[in-house]
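Data from upload16.cif: mmCIF, N, CA and C atoms and all ligand atoms
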data_start
loop_
_atom_site.label_atom_id
_atom_site.label_comp_id
_atom_site.auth_asym_id
_atom_site.auth_seq_id
_atom_site.Cartn_x
_atom_site.Cartn_y
_atom_site.Cartn_z
N MET A 1 1.64 -33.26 -10.86
CA MET A 1 0.27 -32.75 -10.97
C MET A 1 -0.32 -32.44 -9.60
N LYS A 2 -0.25 -33.45 -8.70
CA LYS A 2 -0.80 -33.21 -7.36
C LYS A 2 -0.01 -32.12 -6.63
N GLU A 3 1.31 -32.14 -6.83
CA GLU A 3 2.15 -31.14 -6.18
C GLU A 3 1.73 -29.74 -6.61
N HIS A 4 1.27 -29.67 -7.84
CA HIS A 4 0.80 -28.41 -8.40
C HIS A 4 -0.33 -27.83 -7.55
N LEU A 5 -1.17 -28.69 -6.99
CA LEU A 5 -2.30 -28.24 -6.16
C LEU A 5 -1.81 -27.42 -4.97
N ASN A 6 -0.63 -27.84 -4.44
CA ASN A 6 -0.11 -27.15 -3.25
C ASN A 6 0.07 -25.66 -3.46
N ASP A 7 0.38 -25.28 -4.68
CA ASP A 7 0.74 -23.88 -4.96
C ASP A 7 -0.46 -23.00 -5.28
N ILE A 8 -1.63 -23.56 -5.39
CA ILE A 8 -2.80 -22.75 -5.71
C ILE A 8 -3.09 -21.80 -4.55
N ARG A 9 -3.12 -20.52 -4.86
CA ARG A 9 -3.29 -19.50 -3.82
C ARG A 9 -4.79 -19.24 -3.61
N LEU A 10 -5.24 -19.43 -2.38
CA LEU A 10 -6.66 -19.22 -2.08
C LEU A 10 -6.93 -17.77 -1.68
N SER A 11 -5.93 -17.16 -1.08
CA SER A 11 -6.02 -15.75 -0.65
C SER A 11 -4.59 -15.27 -0.47
N PRO A 12 -4.36 -13.99 -0.18
CA PRO A 12 -2.98 -13.49 -0.16
C PRO A 12 -2.00 -14.31 0.69
N HIS A 13 -2.45 -14.86 1.82
CA HIS A 13 -1.52 -15.55 2.71
C HIS A 13 -1.79 -17.03 2.89
N PHE A 14 -2.71 -17.60 2.14
CA PHE A 14 -3.02 -19.02 2.31
C PHE A 14 -3.04 -19.75 0.96
N THR A 15 -2.40 -20.93 0.96
CA THR A 15 -2.40 -21.75 -0.25
C THR A 15 -3.22 -23.02 -0.01
N LEU A 16 -3.62 -23.63 -1.11
CA LEU A 16 -4.38 -24.88 -1.01
C LEU A 16 -3.57 -25.95 -0.30
N GLY A 17 -2.25 -25.94 -0.55
CA GLY A 17 -1.39 -26.95 0.08
C GLY A 17 -1.50 -26.98 1.60
N GLU A 18 -1.72 -25.82 2.20
CA GLU A 18 -1.84 -25.78 3.66
C GLU A 18 -3.08 -26.52 4.16
N PHE A 19 -4.06 -26.68 3.30
CA PHE A 19 -5.31 -27.35 3.68
C PHE A 19 -5.30 -28.85 3.38
N LEU A 20 -4.39 -29.31 2.51
CA LEU A 20 -4.51 -30.67 1.98
C LEU A 20 -3.61 -31.69 2.65
N ASN A 21 -2.43 -31.28 3.16
CA ASN A 21 -1.53 -32.26 3.76
C ASN A 21 -1.20 -33.41 2.81
N LEU A 22 -0.91 -33.08 1.55
CA LEU A 22 -0.69 -34.12 0.54
C LEU A 22 0.57 -34.95 0.83
N GLY A 23 1.53 -34.37 1.55
CA GLY A 23 2.72 -35.14 1.91
C GLY A 23 2.36 -36.37 2.72
N LYS A 24 1.38 -36.20 3.59
CA LYS A 24 0.96 -37.31 4.45
C LYS A 24 -0.19 -38.10 3.83
N TYR A 25 -1.08 -37.38 3.12
CA TYR A 25 -2.28 -38.01 2.55
C TYR A 25 -2.37 -37.70 1.05
N PRO A 26 -1.62 -38.44 0.23
CA PRO A 26 -1.51 -38.10 -1.20
C PRO A 26 -2.85 -38.11 -1.96
N ASP A 27 -3.84 -38.84 -1.47
CA ASP A 27 -5.12 -38.91 -2.18
C ASP A 27 -6.16 -37.93 -1.66
N ASN A 28 -5.73 -36.98 -0.86
CA ASN A 28 -6.67 -36.03 -0.24
C ASN A 28 -6.96 -34.87 -1.21
N ILE A 29 -7.70 -35.20 -2.28
CA ILE A 29 -7.94 -34.25 -3.37
C ILE A 29 -9.35 -33.65 -3.25
N PRO A 30 -9.45 -32.33 -3.21
CA PRO A 30 -10.76 -31.68 -3.06
C PRO A 30 -11.48 -31.51 -4.40
N SER A 31 -12.79 -31.32 -4.33
CA SER A 31 -13.57 -30.95 -5.51
C SER A 31 -13.46 -29.43 -5.70
N ILE A 32 -13.94 -28.96 -6.84
CA ILE A 32 -13.94 -27.52 -7.08
C ILE A 32 -14.81 -26.81 -6.04
N GLN A 33 -15.92 -27.44 -5.66
CA GLN A 33 -16.78 -26.83 -4.63
C GLN A 33 -16.05 -26.74 -3.30
N ASN A 34 -15.29 -27.80 -2.97
CA ASN A 34 -14.50 -27.78 -1.74
C ASN A 34 -13.52 -26.61 -1.76
N VAL A 35 -12.86 -26.42 -2.91
CA VAL A 35 -11.88 -25.34 -3.04
C VAL A 35 -12.57 -23.98 -2.90
N ALA A 36 -13.74 -23.86 -3.49
CA ALA A 36 -14.49 -22.61 -3.36
C ALA A 36 -14.83 -22.34 -1.89
N ASN A 37 -15.19 -23.38 -1.16
CA ASN A 37 -15.49 -23.22 0.27
C ASN A 37 -14.26 -22.77 1.05
N MET A 38 -13.12 -23.38 0.74
CA MET A 38 -11.88 -22.99 1.43
C MET A 38 -11.51 -21.55 1.11
N THR A 39 -11.71 -21.16 -0.14
CA THR A 39 -11.40 -19.80 -0.56
C THR A 39 -12.24 -18.79 0.22
N TYR A 40 -13.51 -19.13 0.39
CA TYR A 40 -14.43 -18.29 1.17
C TYR A 40 -13.88 -18.12 2.59
N GLY A 41 -13.51 -19.22 3.22
CA GLY A 41 -13.01 -19.16 4.60
C GLY A 41 -11.71 -18.37 4.71
N CYS A 42 -10.84 -18.53 3.71
CA CYS A 42 -9.57 -17.81 3.74
C CYS A 42 -9.78 -16.31 3.64
N HIS A 43 -10.61 -15.90 2.70
CA HIS A 43 -10.81 -14.47 2.50
C HIS A 43 -11.57 -13.82 3.65
N LEU A 44 -12.61 -14.49 4.13
CA LEU A 44 -13.52 -13.82 5.06
C LEU A 44 -13.21 -14.06 6.54
N LEU A 45 -12.51 -15.16 6.85
CA LEU A 45 -12.20 -15.42 8.26
C LEU A 45 -10.70 -15.50 8.54
N LEU A 46 -9.96 -16.28 7.77
CA LEU A 46 -8.56 -16.51 8.12
C LEU A 46 -7.68 -15.30 7.84
N GLU A 47 -7.92 -14.60 6.72
CA GLU A 47 -7.11 -13.40 6.46
C GLU A 47 -7.34 -12.32 7.53
N PRO A 48 -8.58 -12.00 7.85
CA PRO A 48 -8.77 -11.02 8.92
C PRO A 48 -8.26 -11.50 10.28
N ALA A 49 -8.36 -12.81 10.55
CA ALA A 49 -7.83 -13.34 11.81
C ALA A 49 -6.31 -13.20 11.83
N ARG A 50 -5.69 -13.39 10.67
CA ARG A 50 -4.24 -13.22 10.56
C ARG A 50 -3.84 -11.77 10.82
N ARG A 51 -4.66 -10.86 10.31
CA ARG A 51 -4.36 -9.43 10.56
C ARG A 51 -4.44 -9.11 12.05
N ALA A 52 -5.35 -9.80 12.74
CA ALA A 52 -5.52 -9.54 14.17
C ALA A 52 -4.49 -10.26 15.03
N ALA A 53 -4.02 -11.42 14.56
CA ALA A 53 -3.23 -12.28 15.46
C ALA A 53 -1.89 -12.71 14.92
N GLY A 54 -1.58 -12.36 13.67
CA GLY A 54 -0.28 -12.77 13.11
C GLY A 54 -0.40 -14.06 12.32
N PRO A 55 0.73 -14.51 11.72
CA PRO A 55 0.72 -15.69 10.85
C PRO A 55 0.09 -16.92 11.50
N ILE A 56 -0.71 -17.63 10.72
CA ILE A 56 -1.52 -18.74 11.23
C ILE A 56 -1.03 -20.07 10.67
N ILE A 57 -0.84 -21.03 11.56
CA ILE A 57 -0.43 -22.37 11.14
C ILE A 57 -1.64 -23.29 11.13
N ILE A 58 -1.97 -23.78 9.95
CA ILE A 58 -3.10 -24.71 9.80
C ILE A 58 -2.57 -26.14 9.91
N THR A 59 -3.12 -26.89 10.83
CA THR A 59 -2.66 -28.28 11.00
C THR A 59 -3.56 -29.26 10.27
N SER A 60 -4.83 -28.90 10.06
CA SER A 60 -5.74 -29.75 9.32
C SER A 60 -6.80 -28.88 8.67
N GLY A 61 -6.96 -29.03 7.36
CA GLY A 61 -7.96 -28.23 6.66
C GLY A 61 -8.97 -29.14 6.00
N PHE A 62 -8.81 -29.35 4.69
CA PHE A 62 -9.72 -30.25 3.99
C PHE A 62 -9.37 -31.71 4.30
N ARG A 63 -10.40 -32.55 4.46
CA ARG A 63 -10.20 -34.00 4.62
C ARG A 63 -11.21 -34.74 3.75
N ASN A 64 -10.72 -35.63 2.89
CA ASN A 64 -11.68 -36.52 2.22
C ASN A 64 -12.15 -37.56 3.23
N THR A 65 -13.06 -38.43 2.81
CA THR A 65 -13.68 -39.37 3.75
C THR A 65 -12.63 -40.26 4.43
N GLN A 66 -11.67 -40.72 3.64
CA GLN A 66 -10.65 -41.63 4.20
C GLN A 66 -9.79 -40.92 5.23
N VAL A 67 -9.35 -39.72 4.90
CA VAL A 67 -8.51 -38.97 5.83
C VAL A 67 -9.30 -38.64 7.09
N ASN A 68 -10.55 -38.26 6.92
CA ASN A 68 -11.37 -37.92 8.09
C ASN A 68 -11.50 -39.11 9.04
N LYS A 69 -11.66 -40.32 8.44
CA LYS A 69 -11.74 -41.53 9.28
C LYS A 69 -10.42 -41.77 9.99
N ARG A 70 -9.32 -41.58 9.25
CA ARG A 70 -8.00 -41.86 9.84
C ARG A 70 -7.71 -40.96 11.03
N VAL A 71 -8.16 -39.71 10.96
CA VAL A 71 -7.87 -38.80 12.07
C VAL A 71 -8.97 -38.80 13.13
N GLY A 72 -9.97 -39.67 12.93
CA GLY A 72 -11.02 -39.78 13.94
C GLY A 72 -12.02 -38.64 13.92
N GLY A 73 -12.18 -37.99 12.75
CA GLY A 73 -13.15 -36.89 12.64
C GLY A 73 -14.59 -37.41 12.68
N VAL A 74 -15.51 -36.58 13.12
CA VAL A 74 -16.92 -36.96 13.14
C VAL A 74 -17.42 -37.09 11.70
N SER A 75 -18.44 -37.91 11.49
CA SER A 75 -18.85 -38.26 10.12
C SER A 75 -19.43 -37.08 9.35
N ASN A 76 -19.95 -36.09 10.07
CA ASN A 76 -20.48 -34.90 9.39
C ASN A 76 -19.52 -33.70 9.51
N SER A 77 -18.25 -34.01 9.67
CA SER A 77 -17.25 -32.94 9.86
C SER A 77 -17.28 -31.94 8.72
N GLN A 78 -17.18 -30.67 9.06
CA GLN A 78 -17.10 -29.64 8.03
C GLN A 78 -15.76 -29.66 7.30
N HIS A 79 -14.77 -30.36 7.86
CA HIS A 79 -13.51 -30.55 7.14
C HIS A 79 -13.74 -31.30 5.83
N LEU A 80 -14.76 -32.14 5.78
CA LEU A 80 -15.08 -32.90 4.55
C LEU A 80 -15.50 -31.99 3.41
N LEU A 81 -15.97 -30.80 3.75
CA LEU A 81 -16.52 -29.87 2.76
C LEU A 81 -15.57 -28.72 2.44
N GLY A 82 -14.47 -28.64 3.17
CA GLY A 82 -13.61 -27.47 3.00
C GLY A 82 -14.16 -26.26 3.74
N GLN A 83 -14.89 -26.54 4.80
CA GLN A 83 -15.52 -25.46 5.56
C GLN A 83 -14.95 -25.34 6.98
N ALA A 84 -13.72 -25.81 7.18
CA ALA A 84 -13.14 -25.74 8.52
C ALA A 84 -11.62 -25.77 8.44
N ALA A 85 -10.99 -25.24 9.46
CA ALA A 85 -9.54 -25.33 9.59
C ALA A 85 -9.20 -25.50 11.07
N ASP A 86 -8.23 -26.37 11.33
CA ASP A 86 -7.67 -26.47 12.66
C ASP A 86 -6.38 -25.67 12.68
N ILE A 87 -6.22 -24.89 13.71
CA ILE A 87 -5.08 -23.98 13.82
C ILE A 87 -4.28 -24.34 15.07
N ARG A 88 -2.96 -24.35 14.94
CA ARG A 88 -2.11 -24.49 16.12
C ARG A 88 -1.52 -23.13 16.44
N PRO A 89 -1.98 -22.51 17.51
CA PRO A 89 -1.46 -21.18 17.87
C PRO A 89 0.03 -21.28 18.20
N GLN A 90 0.75 -20.20 17.91
CA GLN A 90 2.19 -20.22 18.14
C GLN A 90 2.54 -20.05 19.61
N ASP A 91 1.65 -19.45 20.36
CA ASP A 91 1.89 -19.26 21.79
C ASP A 91 0.56 -18.86 22.44
N PRO A 92 0.52 -18.81 23.77
CA PRO A 92 -0.74 -18.48 24.46
C PRO A 92 -1.30 -17.12 24.05
N ALA A 93 -0.43 -16.17 23.74
CA ALA A 93 -0.90 -14.84 23.36
C ALA A 93 -1.65 -14.90 22.03
N GLN A 94 -1.11 -15.63 21.08
CA GLN A 94 -1.81 -15.75 19.79
C GLN A 94 -3.11 -16.55 19.96
N PHE A 95 -3.08 -17.58 20.77
CA PHE A 95 -4.28 -18.36 21.07
C PHE A 95 -5.40 -17.43 21.52
N GLN A 96 -5.06 -16.54 22.47
CA GLN A 96 -6.07 -15.61 23.01
C GLN A 96 -6.52 -14.59 21.96
N LYS A 97 -5.59 -14.10 21.16
CA LYS A 97 -5.96 -13.14 20.12
C LYS A 97 -6.91 -13.76 19.10
N LEU A 98 -6.64 -15.00 18.74
CA LEU A 98 -7.51 -15.68 17.76
C LEU A 98 -8.90 -15.89 18.34
N ILE A 99 -8.96 -16.30 19.60
CA ILE A 99 -10.26 -16.48 20.25
C ILE A 99 -11.01 -15.15 20.30
N ASP A 100 -10.32 -14.11 20.74
CA ASP A 100 -10.97 -12.80 20.88
C ASP A 100 -11.54 -12.33 19.55
N TYR A 101 -10.78 -12.58 18.49
CA TYR A 101 -11.24 -12.13 17.18
C TYR A 101 -12.36 -13.02 16.64
N LEU A 102 -12.16 -14.32 16.64
CA LEU A 102 -13.08 -15.22 15.94
C LEU A 102 -14.40 -15.42 16.68
N ARG A 103 -14.39 -15.32 17.99
CA ARG A 103 -15.63 -15.57 18.72
C ARG A 103 -16.68 -14.51 18.43
N HIS A 104 -16.25 -13.35 18.00
CA HIS A 104 -17.21 -12.27 17.73
C HIS A 104 -17.43 -12.05 16.24
N HIS A 105 -16.77 -12.84 15.40
CA HIS A 105 -16.92 -12.65 13.96
C HIS A 105 -18.30 -13.14 13.52
N THR A 106 -18.98 -12.33 12.72
CA THR A 106 -20.37 -12.68 12.35
C THR A 106 -20.43 -13.90 11.43
N LEU A 107 -19.32 -14.26 10.79
CA LEU A 107 -19.34 -15.41 9.88
C LEU A 107 -18.79 -16.69 10.50
N THR A 108 -18.45 -16.64 11.79
CA THR A 108 -17.99 -17.86 12.47
C THR A 108 -19.17 -18.83 12.61
N ASP A 109 -19.00 -20.02 12.08
CA ASP A 109 -20.04 -21.03 12.23
C ASP A 109 -19.81 -21.77 13.55
N GLN A 110 -18.63 -22.35 13.72
CA GLN A 110 -18.27 -22.94 15.01
C GLN A 110 -16.83 -22.58 15.35
N LEU A 111 -16.62 -22.22 16.59
CA LEU A 111 -15.26 -22.02 17.12
C LEU A 111 -15.12 -22.93 18.33
N LEU A 112 -14.25 -23.93 18.20
CA LEU A 112 -14.01 -24.87 19.29
C LEU A 112 -12.53 -24.79 19.62
N THR A 113 -12.21 -24.69 20.90
CA THR A 113 -10.79 -24.64 21.26
C THR A 113 -10.54 -25.52 22.48
N ALA A 114 -9.34 -26.02 22.56
CA ALA A 114 -8.90 -26.78 23.73
C ALA A 114 -7.39 -26.88 23.66
N ASP A 115 -6.79 -27.21 24.78
CA ASP A 115 -5.35 -27.40 24.82
C ASP A 115 -4.64 -26.33 23.98
N SER A 116 -4.01 -26.76 22.90
CA SER A 116 -3.29 -25.77 22.10
C SER A 116 -3.75 -25.80 20.65
N TRP A 117 -5.05 -25.90 20.44
CA TRP A 117 -5.58 -25.86 19.07
C TRP A 117 -6.91 -25.11 19.04
N LEU A 118 -7.23 -24.64 17.83
CA LEU A 118 -8.55 -24.06 17.57
C LEU A 118 -9.13 -24.72 16.33
N HIS A 119 -10.42 -24.94 16.36
CA HIS A 119 -11.15 -25.37 15.18
C HIS A 119 -12.10 -24.23 14.83
N ILE A 120 -11.95 -23.74 13.60
CA ILE A 120 -12.84 -22.68 13.14
C ILE A 120 -13.55 -23.18 11.89
N SER A 121 -14.87 -22.95 11.83
CA SER A 121 -15.60 -23.38 10.63
C SER A 121 -16.47 -22.25 10.12
N TRP A 122 -16.83 -22.40 8.85
CA TRP A 122 -17.66 -21.41 8.16
C TRP A 122 -18.61 -22.15 7.25
N ASN A 123 -19.70 -21.51 6.86
CA ASN A 123 -20.66 -22.14 5.96
C ASN A 123 -21.20 -21.09 5.01
N PRO A 124 -20.76 -21.14 3.74
CA PRO A 124 -21.20 -20.11 2.79
C PRO A 124 -22.67 -20.18 2.44
N PHE A 125 -23.34 -21.28 2.83
CA PHE A 125 -24.70 -21.53 2.33
C PHE A 125 -25.79 -21.35 3.37
N ASN A 126 -25.41 -21.31 4.64
CA ASN A 126 -26.42 -21.16 5.70
C ASN A 126 -26.01 -20.08 6.68
N ALA A 127 -26.98 -19.58 7.41
CA ALA A 127 -26.67 -18.58 8.43
C ALA A 127 -25.69 -19.18 9.43
N PRO A 128 -24.62 -18.47 9.74
CA PRO A 128 -23.63 -18.98 10.70
C PRO A 128 -24.27 -19.27 12.06
N ARG A 129 -23.90 -20.40 12.64
CA ARG A 129 -24.47 -20.76 13.94
C ARG A 129 -23.86 -19.93 15.07
N GLN A 130 -22.64 -19.46 14.85
CA GLN A 130 -21.92 -18.70 15.88
C GLN A 130 -21.87 -19.46 17.20
N TYR A 131 -21.58 -20.75 17.09
CA TYR A 131 -21.43 -21.60 18.26
C TYR A 131 -19.97 -21.53 18.74
N VAL A 132 -19.78 -21.21 20.00
CA VAL A 132 -18.43 -21.05 20.54
C VAL A 132 -18.27 -21.93 21.77
N ARG A 133 -17.23 -22.75 21.78
CA ARG A 133 -16.89 -23.55 22.96
C ARG A 133 -15.39 -23.41 23.22
N ILE A 134 -15.07 -22.76 24.30
CA ILE A 134 -13.67 -22.42 24.59
C ILE A 134 -13.10 -23.33 25.67
N GLY A 135 -11.98 -23.96 25.34
CA GLY A 135 -11.18 -24.67 26.34
C GLY A 135 -9.88 -23.94 26.52
N TYR A 136 -9.14 -24.26 27.51
CA TYR A 136 -7.98 -23.44 27.83
C TYR A 136 -6.69 -23.94 27.23
N TYR A 137 -5.76 -23.04 27.07
CA TYR A 137 -4.45 -23.35 26.52
C TYR A 137 -3.63 -24.10 27.56
N LYS A 138 -2.97 -25.16 27.10
CA LYS A 138 -2.08 -25.89 28.01
C LYS A 138 -0.68 -25.89 27.43
ZN ZN B 201 -11.40 -29.23 13.10
#

Serialized structure, structure tokens:
Amino acid sequence: MKEHLNDIRLSPHFTLGEFLNLGKYPDNIPSIQNVANMTYGCHLLLEPARRAAGPIIITSGFRNTQVNKRVGGVSNSQHLLGQAADIRPQDPAQFQKLIDYLRHHTLTDQLLTADSWLHISWNPFNAPRQYVRIGYYK
């Protein structure tokens, strides 16, 4: 049953399984609203970012409260809502392409980057903050 969740397609190139990490966190089950939020992000931000920068590897997407605590996420993390994804760029060139694309996207809520990761968030319910904080690739 839970494995079944992995195969739910949120958009042409992203599945729910990529957001849940059920292999590591078997109880990381989203609500329908969480799934709707992830679907919004996939269609409006991640698919166009993929077109600009190539295939995207999500390292952390949705987190329930327990998972968020385990990974040291902030208590109001948008990962709790299905409104964020952490991406591991495949190389410095993709890192830069993702930054160039997402920092100017009108639906970017927060774009935070450092070392070799990006955190991108969206909010279907409020005006995007378009907050950008860029750290460098190492
Ligand atoms: Zn994040």

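Going from atom N of Gly61 in chain A over to atom C of Phe19 in chain A, you cover 4.3 Å.
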
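Closest approach to ligand ZN 201 (chain B) from the set A:Arg63, A:Arg70, A:Tyr136, A:Asp100 is made by A:Arg63, with distances taken over only C-alpha atoms and all ligand atoms.
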
List all protein, DNA and RNA residues that have an atom no more than 6.5 Å from any atom of ligand ZN 201 (chain B), counting only N, CA and C atoms and all ligand atoms, and report them as a PyMOL selection string. chain A and resi 60+79+84-86+118-120

Would you list the contacts of Gln33 in chain A as JSON, numbers by chain, taking every protein, DNA or RNA residue within 6.5 Å and counting all atoms listed in the file, but skipping same-chain residues closer than 4 positions in sequence? {"A": [37, 38, 81]}

Could you pull the residues within 8 Å of Pro89 in chain A, counting all atoms listed in the file, minus those fewer than 4 positions along the same chain, as a compact mmCIF listing (two decimals) with N, CA and C atoms, in the coordinates of the input?
# COMPACT_ATOMS: atom_id res chain seq x y z
N PRO A 55 0.73 -14.51 11.72
CA PRO A 55 0.72 -15.69 10.85
C PRO A 55 0.09 -16.92 11.50
N ILE A 56 -0.71 -17.63 10.72
CA ILE A 56 -1.52 -18.74 11.23
C ILE A 56 -1.03 -20.07 10.67
N ILE A 57 -0.84 -21.03 11.56
CA ILE A 57 -0.43 -22.37 11.14
C ILE A 57 -1.64 -23.29 11.13
N ILE A 58 -1.97 -23.78 9.95
CA ILE A 58 -3.10 -24.71 9.80
C ILE A 58 -2.57 -26.14 9.91
N ALA A 93 -0.43 -16.17 23.74
CA ALA A 93 -0.90 -14.84 23.36
C ALA A 93 -1.65 -14.90 22.03
N GLN A 94 -1.11 -15.63 21.08
CA GLN A 94 -1.81 -15.75 19.79
C GLN A 94 -3.11 -16.55 19.96
N PHE A 95 -3.08 -17.58 20.77
CA PHE A 95 -4.28 -18.36 21.07
C PHE A 95 -5.40 -17.43 21.52
N GLN A 96 -5.06 -16.54 22.47
CA GLN A 96 -6.07 -15.61 23.01
C GLN A 96 -6.52 -14.59 21.96
N ASP A 115 -6.79 -27.21 24.78
CA ASP A 115 -5.35 -27.40 24.82
C ASP A 115 -4.64 -26.33 23.98
N SER A 116 -4.01 -26.76 22.90
CA SER A 116 -3.29 -25.77 22.10
C SER A 116 -3.75 -25.80 20.65
N TRP A 117 -5.05 -25.90 20.44
CA TRP A 117 -5.58 -25.86 19.07
C TRP A 117 -6.91 -25.11 19.04
N LEU A 118 -7.23 -24.64 17.83
CA LEU A 118 -8.55 -24.06 17.57
C LEU A 118 -9.13 -24.72 16.33

If you take every atom of range 50-68 of chain A that the file lists and fit an axis-aligned box around them with 8 Å extra on each side, what centre and edge lengths come out in Å to one decimal, as AutoDock Vina command-line options?
--center_x -6.5 --center_y -25.4 --center_z 8.8 --size_x 30.4 --size_y 48.5 --size_z 29.2

Which is closer to Phe125 in chain A than all the others in A:Val71, A:Leu107, A:Leu112, A:Leu20, using only C-alpha atoms?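 Of A:Val71, A:Leu107, A:Leu112, A:Leu20, the one nearest Phe125 in chain A is A:Leu107, counting only C-alpha atoms.
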
Would you list, as a VMD selection string, the residues of chain A that end up in helix (DSSP H, G or I) under DSSP run on this structure's backbone? chain A and resid 2 to 6 17 to 20 32 to 53 65 to 70 78 to 81 92 to 102

Distance cut-off 6.5 Å, centre (-6.1, -15.9, 16.4) in file coordinates, counting all atoms listed in the file: which residues qualify? Return them as a PyMOL selection string. chain A and resi 49-50+52-54+94-102

By how many Å are CA of Ser31 in chain A and CA of Thr65 in chain A apart?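 Distance reported for this atom pair: 12.5 Å.
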
Just give me the gap between atom N of Arg88 in chain A and CA of Thr59 in chain A in Å, one decimal is fine. 5.6 Å

May I have the protein, DNA and RNA residues with any atom at most 12 Å from the point (0.2, -38.1, 0.9), counting only C-alpha atoms, written as a PyMOL selection string? chain A and resi 2-3+6+17+20-29+63+66-67

Generate a file of the selected residues that holds N, CA and C atoms, formatted as an mmCIF file, in the coordinates of the input.
data_model
loop_
_atom_site.group_PDB
_atom_site.id
_atom_site.type_symbol
_atom_site.label_atom_id
_atom_site.label_comp_id
_atom_site.auth_asym_id
_atom_site.auth_seq_id
_atom_site.Cartn_x
_atom_site.Cartn_y
_atom_site.Cartn_z
ATOM 1 N N LYS A 2 -0.250 -33.450 -8.700
ATOM 2 C CA LYS A 2 -0.800 -33.210 -7.360
ATOM 3 C C LYS A 2 -0.010 -32.120 -6.630
ATOM 4 N N GLU A 3 1.310 -32.140 -6.830
ATOM 5 C CA GLU A 3 2.150 -31.140 -6.180
ATOM 6 C C GLU A 3 1.730 -29.740 -6.610
ATOM 7 N N ASN A 6 -0.630 -27.840 -4.440
ATOM 8 C CA ASN A 6 -0.110 -27.150 -3.250
ATOM 9 C C ASN A 6 0.070 -25.660 -3.460
ATOM 10 N N GLY A 17 -2.250 -25.940 -0.550
ATOM 11 C CA GLY A 17 -1.390 -26.950 0.080
ATOM 12 C C GLY A 17 -1.500 -26.980 1.600
ATOM 13 N N LEU A 20 -4.390 -29.310 2.510
ATOM 14 C CA LEU A 20 -4.510 -30.670 1.980
ATOM 15 C C LEU A 20 -3.610 -31.690 2.650
ATOM 16 N N ASN A 21 -2.430 -31.280 3.160
ATOM 17 C CA ASN A 21 -1.530 -32.260 3.760
ATOM 18 C C ASN A 21 -1.200 -33.410 2.810
ATOM 19 N N LEU A 22 -0.910 -33.080 1.550
ATOM 20 C CA LEU A 22 -0.690 -34.120 0.540
ATOM 21 C C LEU A 22 0.570 -34.950 0.830
ATOM 22 N N GLY A 23 1.530 -34.370 1.550
ATOM 23 C CA GLY A 23 2.720 -35.140 1.910
ATOM 24 C C GLY A 23 2.360 -36.370 2.720
ATOM 25 N N LYS A 24 1.380 -36.200 3.590
ATOM 26 C CA LYS A 24 0.960 -37.310 4.450
ATOM 27 C C LYS A 24 -0.190 -38.100 3.830
ATOM 28 N N TYR A 25 -1.080 -37.380 3.120
ATOM 29 C CA TYR A 25 -2.280 -38.010 2.550
ATOM 30 C C TYR A 25 -2.370 -37.700 1.050
ATOM 31 N N PRO A 26 -1.620 -38.440 0.230
ATOM 32 C CA PRO A 26 -1.510 -38.100 -1.200
ATOM 33 C C PRO A 26 -2.850 -38.110 -1.960
ATOM 34 N N ASP A 27 -3.840 -38.840 -1.470
ATOM 35 C CA ASP A 27 -5.120 -38.910 -2.180
ATOM 36 C C ASP A 27 -6.160 -37.930 -1.660
ATOM 37 N N ASN A 28 -5.730 -36.980 -0.860
ATOM 38 C CA ASN A 28 -6.670 -36.030 -0.240
ATOM 39 C C ASN A 28 -6.960 -34.870 -1.210
ATOM 40 N N ILE A 29 -7.700 -35.200 -2.280
ATOM 41 C CA ILE A 29 -7.940 -34.250 -3.370
ATOM 42 C C ILE A 29 -9.350 -33.650 -3.250
ATOM 43 N N ARG A 63 -10.400 -32.550 4.460
ATOM 44 C CA ARG A 63 -10.200 -34.000 4.620
ATOM 45 C C ARG A 63 -11.210 -34.740 3.750
ATOM 46 N N GLN A 66 -11.670 -40.720 3.640
ATOM 47 C CA GLN A 66 -10.650 -41.630 4.200
ATOM 48 C C GLN A 66 -9.790 -40.920 5.230
ATOM 49 N N VAL A 67 -9.350 -39.720 4.900
ATOM 50 C CA VAL A 67 -8.510 -38.970 5.830
ATOM 51 C C VAL A 67 -9.300 -38.640 7.090
#

Looking at all atoms listed in the file, which of A:Gln83, A:Gln110, A:Asn68, A:Ser77 is the one that sits closest to Thr39 in chain A? A:Gln83

Which residues, written as number ranges by chain, have at least one atom at most 8 Å from Ser11 in chain A, with all atoms listed in the file counted and residues fewer than 5 positions away on the same chain left out? A: 16, 38-40, 42-43, 47

Pick out the closest residue to Leu46 in chain A from this set: A:Gly135, A:His13, A:Leu80, A:Lys69. Count all atoms listed in the file.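 Ranked by minimum distance to Leu46 in chain A, first place goes to A:His13.
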
Of the candidates A:Phe62, A:Trp122, A:Tyr131, A:Phe14, which one gets nearest to Val35 in chain A if we count only C-alpha atoms?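 Of the candidates, the smallest distance to Val35 in chain A is held by A:Phe62.
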
Which polymer residues have any atom within 12 Å of an atom of Thr106 in chain A, counting only C-alpha atoms, with same-chain residues fewer than 3 positions away left out, as a VMD selection string? chain A and resid 44 to 45 101 to 103 109 to 111 121 to 123 127 to 132
